[in-house]
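Only one structure is covered here, and it is reproduced in the block below.
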Amino acid sequence: MADTGGADGRDRLTITAGDSDGIVVLALVGEIDYDSGDLLRHALRGAEVRMPPRVVIDLRGVTFMDSSGINILIAAYRELTSLGGWLRMAALAPAIERTVQLVGVDSVIDCYPTLAEALAA
């Protein structure tokens with residue numbers, strides 16, 4: 001498990017990596033923003049080790065995501081697909097889902113209501 005955040009413990013992002021039948025599952029909890037972006041980038045780069053890289057990001061615990069988070073996800077999607085893999089997002093909280101829909105990320109990266117559905121697709 002890796003985590004980051006302010007000295008006072010606020011605005012933390014925690015990422016737990018797991019595996020489900022060769023699919024990397026990244027479970028995120030907290031806020032995705034400029035300060036936590038490097039942690040997310042690092043976790044996504046670690047997923048590229050497997051070939052083809054198949055990644056599901058479980059966002060049920062994410063409470064906030066700004067444009068830097070959106071940019072990281074788009075860049076990861078491009079990188080993973082260029083390597084013959086894919087990226088999926090699962091269990092988006094309502095506020096995150098709204099952001100993703102407003103900027104059109106859901107038309108690029110497949111989004112699923114649950115982790116189980118993302119893994120089964």
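As shown in the structure tokens, the chain order sets the letters A, B, ...; within each chain, residues go from 1, and ligands are also counted from 1 in the order they appear.
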
- Message: At a cut-off of 9 Å, using only C-alpha atoms, what residues contact range 23-28 of chain A? Leave out same-chain residues fewer than 5 positions from it and give the result as a list in words.
- Response: Leu13, Thr14, Ile15, Thr16, Ala17, Gly18, Leu40, Ala43, Leu44, Ala47, Arg50, Pro53, Arg54, Val55, Val56, Ile57, Asp58, Leu59, Arg60, Gly61, Val62, Leu115 and Leu119 of chain A

Residues of the last selection are to be written out with N, CA and C atoms, as a tab-separated table (two decimals), in the first residue's frame.
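Output file again24.tsv is given in full below:
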```tsv
chain	number	residue	atom	x	y	z
A	13	LEU	N	-4.31	10.56	-0.44
A	13	LEU	CA	-4.70	9.54	-1.41
A	13	LEU	C	-4.00	8.26	-1.01
A	14	THR	N	-4.77	7.21	-0.91
A	14	THR	CA	-4.22	5.89	-0.62
A	14	THR	C	-4.55	4.99	-1.80
A	15	ILE	N	-3.54	4.25	-2.25
A	15	ILE	CA	-3.74	3.33	-3.37
A	15	ILE	C	-3.32	1.93	-2.91
A	16	THR	N	-4.23	1.00	-3.08
A	16	THR	CA	-3.95	-0.39	-2.78
A	16	THR	C	-3.99	-1.16	-4.09
A	17	ALA	N	-2.90	-1.85	-4.40
A	17	ALA	CA	-2.82	-2.62	-5.65
A	17	ALA	C	-3.11	-4.08	-5.36
A	18	GLY	N	-3.87	-4.69	-6.26
A	18	GLY	CA	-4.18	-6.10	-6.15
A	18	GLY	C	-4.20	-6.73	-7.53
A	40	LEU	N	-0.37	8.43	-8.09
A	40	LEU	CA	-1.22	7.71	-9.04
A	40	LEU	C	-0.44	7.34	-10.30
A	43	ALA	N	1.73	4.33	-9.55
A	43	ALA	CA	0.96	3.09	-9.46
A	43	ALA	C	0.57	2.60	-10.85
A	44	LEU	N	0.19	3.51	-11.73
A	44	LEU	CA	-0.18	3.12	-13.09
A	44	LEU	C	1.02	2.63	-13.88
A	47	ALA	N	1.73	-0.92	-13.22
A	47	ALA	CA	0.82	-1.85	-13.88
A	47	ALA	C	1.29	-2.19	-15.29
A	50	ARG	N	3.11	-5.81	-16.59
A	50	ARG	CA	2.44	-7.00	-17.14
A	50	ARG	C	2.10	-6.77	-18.59
A	53	PRO	N	-0.88	-4.99	-20.48
A	53	PRO	CA	-1.29	-4.35	-19.22
A	53	PRO	C	-2.80	-4.14	-19.19
A	54	ARG	N	-3.45	-4.78	-18.23
A	54	ARG	CA	-4.90	-4.63	-18.06
A	54	ARG	C	-5.13	-4.10	-16.65
A	55	VAL	N	-5.80	-2.95	-16.57
A	55	VAL	CA	-5.93	-2.26	-15.29
A	55	VAL	C	-7.37	-1.81	-15.06
A	56	VAL	N	-7.86	-2.07	-13.85
A	56	VAL	CA	-9.13	-1.53	-13.40
A	56	VAL	C	-8.84	-0.62	-12.21
A	57	ILE	N	-9.33	0.60	-12.29
A	57	ILE	CA	-9.19	1.54	-11.18
A	57	ILE	C	-10.53	1.60	-10.45
A	58	ASP	N	-10.52	1.18	-9.20
A	58	ASP	CA	-11.71	1.20	-8.34
A	58	ASP	C	-11.76	2.56	-7.66
A	59	LEU	N	-12.73	3.38	-8.06
A	59	LEU	CA	-12.81	4.76	-7.58
A	59	LEU	C	-13.88	4.98	-6.51
A	60	ARG	N	-14.41	3.91	-5.94
A	60	ARG	CA	-15.51	4.08	-4.99
A	60	ARG	C	-15.11	4.91	-3.77
A	61	GLY	N	-13.84	4.95	-3.43
A	61	GLY	CA	-13.40	5.71	-2.26
A	61	GLY	C	-12.84	7.08	-2.58
A	62	VAL	N	-12.95	7.51	-3.83
A	62	VAL	CA	-12.42	8.82	-4.21
A	62	VAL	C	-13.48	9.88	-3.97
A	115	LEU	N	-16.95	-2.91	-9.44
A	115	LEU	CA	-15.67	-3.53	-9.72
A	115	LEU	C	-15.88	-4.87	-10.40
A	119	LEU	N	-14.30	-6.05	-14.05
A	119	LEU	CA	-13.43	-7.22	-14.17
A	119	LEU	C	-14.01	-8.25	-15.13
```

- Task: Name the residues in contact with Pro113 in chain A at a cut-off of 7 Å, using only C-alpha atoms, excluding same-chain residues fewer than 5 positions from it; report them as a count of residues only.
- Result: 3

Write out as a PDB file with C-alpha atoms, in the first residue's frame each polymer residue whose atoms come within 9 Å of Ile74 in chain A, counting only C-alpha atoms; drop sequence neighbours fewer than 4 positions from it.
```pdb
ATOM      1  CA  GLY A  69      -6.418  13.517 -12.162  1.00  0.00           C
ATOM      2  CA  ILE A  70      -8.331  13.519 -15.440  1.00  0.00           C
ATOM      3  CA  ARG A  78      -3.173   6.103 -24.055  1.00  0.00           C
ATOM      4  CA  GLU A  79      -0.048   4.401 -22.740  1.00  0.00           C
ATOM      5  CA  VAL A 105     -13.681  10.907 -20.125  1.00  0.00           C
ATOM      6  CA  VAL A 108     -12.802   7.408 -23.905  1.00  0.00           C
ATOM      7  CA  ILE A 109     -12.295   5.150 -20.878  1.00  0.00           C
TER       8      ILE A 109
END
```

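Using only C-alpha atoms, the smallest distance between any of A:Met65, A:Leu83, A:Leu39, A:Ala121 and Arg98 in chain A comes from A:Met65.
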
- Message: Going by DSSP on the backbone, which residues of range 32-119 of chain A come out as alpha helix (DSSP H)? List them as a VMD selection string.
- Response: chain A and resid 37 to 47 67 to 82 94 to 103 115 to 119

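Nearest to Ala93 in chain A of all the residues A:Leu73, A:Cys111, A:Leu80, A:Ala120 is A:Cys111, counting only C-alpha atoms.
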